[in-house]
Amino acid sequence: MEVRSDPEGTILSSTAEQETGDGHRDWDERDRSVGQLVGDLSSQVAHLARVEARLAAREVAEKARRGAVGGSMFAVAGALALYGGAALAGAGIIALALVWPAWLAALVGGVALLVLSGIVALIAWPKVRRAMPPVPTETFGRTREDVRAMSGRPER
């Protein structure tokens, strides 16, 4: 079982057991009742759930931060591409206007741009759908491992 860091820096350990110098564990209390053991287990499971929830929140926040930086850069690239594309489209329409009437050249250029934007949108849509929602998949995987370990089932 993998040991992960606790965001709060607390350690899950029983107050009743301590390790001696020879590596064996001694019990401060001679007999621990089943009720005490179950109480310790339930408090540790609750603590583990809180820690996993915090880790999931941090993972989502980190993914959102990375996505925001990348999205901002794409916005700048999109604005630059818009101006560059407009200049090229204008040049193409002016070139067509040399052989066709200006209105026909503008019409053909506009239709070509709309068809191109539709194709790009059809390609982009499945990619956006796969990226959503931003779920903390790593934390969910670790939580499943924890549940499997607590239930005593072997990992698959």
# chains A, B, ... in the order shown; residues from 1 in each chain; ligands from 1

$ select_by_dssp --residues "stretch 91-136 of chain A" --states "helix (DSSP H, G or I)" --output "ChimeraX atom specification"
/A:91-97,102-131

$ atom_distance --atom1 "atom CA of A:Gly141" --atom2 "atom CA of A:Glu52"
10.5 Å

$ residues_around --residues "stretch 112-125 of chain A" --least-positions-apart "3" --cutoff "12 Å" --atoms "only C-alpha atoms" --output "list in words"
Leu82, Gly85, Ala86, Leu88, Ala89, Gly90, Gly92, Ile93, Ala105, Ala106, Leu107, Val108, Gly109, Val128, Arg129, Arg130, Ala131 and Met132 of chain A

$ write_last_selection --atoms "C-alpha atoms" --output "mmCIF file, in the first residue's frame"
data_model
loop_
_atom_site.group_PDB
_atom_site.id
_atom_site.type_symbol
_atom_site.label_atom_id
_atom_site.label_comp_id
_atom_site.auth_asym_id
_atom_site.auth_seq_id
_atom_site.Cartn_x
_atom_site.Cartn_y
_atom_site.Cartn_z
ATOM 1 C CA LEU A 82 -7.858 36.225 -36.448
ATOM 2 C CA GLY A 85 -6.516 35.259 -41.275
ATOM 3 C CA ALA A 86 -8.441 38.450 -42.004
ATOM 4 C CA LEU A 88 -5.011 36.704 -45.880
ATOM 5 C CA ALA A 89 -8.734 36.520 -46.618
ATOM 6 C CA GLY A 90 -8.680 40.146 -47.744
ATOM 7 C CA GLY A 92 -7.442 36.431 -51.486
ATOM 8 C CA ILE A 93 -10.632 38.387 -52.152
ATOM 9 C CA ALA A 105 -15.030 37.622 -55.112
ATOM 10 C CA ALA A 106 -16.244 38.782 -51.657
ATOM 11 C CA LEU A 107 -19.131 36.293 -51.732
ATOM 12 C CA VAL A 108 -16.895 33.337 -52.636
ATOM 13 C CA GLY A 109 -14.334 34.366 -50.003
ATOM 14 C CA VAL A 128 -13.933 19.635 -25.829
ATOM 15 C CA ARG A 129 -16.485 17.013 -24.764
ATOM 16 C CA ARG A 130 -13.716 14.566 -23.781
ATOM 17 C CA ALA A 131 -11.990 17.205 -21.639
ATOM 18 C CA MET A 132 -15.095 17.895 -19.561
#

$ atom_distance --atom1 "atom CA of A:Ala97" --atom2 "atom CA of A:Gly110"
13.2 Å

$ atom_distance --atom1 "atom CA of A:Lys63" --atom2 "atom CA of A:Thr139"
12.6 Å

$ decode --residues "stretch 55-66 of chain A" --atoms "N, CA and C atoms" --output "PDB file, in the first residue's frame"
ATOM      1  N   LEU A  55      -7.243  16.398  -1.083  1.00  0.00           N
ATOM      2  CA  LEU A  55      -6.369  16.095  -2.218  1.00  0.00           C
ATOM      3  C   LEU A  55      -7.117  16.242  -3.536  1.00  0.00           C
ATOM      4  N   ALA A  56      -8.376  15.804  -3.567  1.00  0.00           N
ATOM      5  CA  ALA A  56      -9.177  15.944  -4.782  1.00  0.00           C
ATOM      6  C   ALA A  56      -9.388  17.419  -5.114  1.00  0.00           C
ATOM      7  N   ALA A  57      -9.672  18.228  -4.097  1.00  0.00           N
ATOM      8  CA  ALA A  57      -9.866  19.663  -4.329  1.00  0.00           C
ATOM      9  C   ALA A  57      -8.591  20.309  -4.847  1.00  0.00           C
ATOM     10  N   ARG A  58      -7.464  19.919  -4.284  1.00  0.00           N
ATOM     11  CA  ARG A  58      -6.190  20.480  -4.768  1.00  0.00           C
ATOM     12  C   ARG A  58      -5.902  20.052  -6.188  1.00  0.00           C
ATOM     13  N   GLU A  59      -6.208  18.805  -6.514  1.00  0.00           N
ATOM     14  CA  GLU A  59      -5.963  18.313  -7.862  1.00  0.00           C
ATOM     15  C   GLU A  59      -6.819  19.070  -8.875  1.00  0.00           C
ATOM     16  N   VAL A  60      -8.085  19.282  -8.542  1.00  0.00           N
ATOM     17  CA  VAL A  60      -8.970  20.025  -9.447  1.00  0.00           C
ATOM     18  C   VAL A  60      -8.485  21.462  -9.593  1.00  0.00           C
ATOM     19  N   ALA A  61      -8.074  22.085  -8.485  1.00  0.00           N
ATOM     20  CA  ALA A  61      -7.583  23.467  -8.551  1.00  0.00           C
ATOM     21  C   ALA A  61      -6.331  23.558  -9.413  1.00  0.00           C
ATOM     22  N   GLU A  62      -5.438  22.592  -9.283  1.00  0.00           N
ATOM     23  CA  GLU A  62      -4.207  22.602 -10.083  1.00  0.00           C
ATOM     24  C   GLU A  62      -4.529  22.425 -11.563  1.00  0.00           C
ATOM     25  N   LYS A  63      -5.441  21.507 -11.870  1.00  0.00           N
ATOM     26  CA  LYS A  63      -5.836  21.319 -13.270  1.00  0.00           C
ATOM     27  C   LYS A  63      -6.508  22.577 -13.820  1.00  0.00           C
ATOM     28  N   ALA A  64      -7.320  23.226 -13.005  1.00  0.00           N
ATOM     29  CA  ALA A  64      -7.990  24.448 -13.450  1.00  0.00           C
ATOM     30  C   ALA A  64      -6.974  25.556 -13.692  1.00  0.00           C
ATOM     31  N   ARG A  65      -5.961  25.653 -12.823  1.00  0.00           N
ATOM     32  CA  ARG A  65      -4.940  26.685 -12.994  1.00  0.00           C
ATOM     33  C   ARG A  65      -4.163  26.451 -14.287  1.00  0.00           C
ATOM     34  N   ARG A  66      -3.749  25.197 -14.509  1.00  0.00           N
ATOM     35  CA  ARG A  66      -3.031  24.889 -15.745  1.00  0.00           C
ATOM     36  C   ARG A  66      -3.907  25.153 -16.971  1.00  0.00           C
TER      37      ARG A  66
END
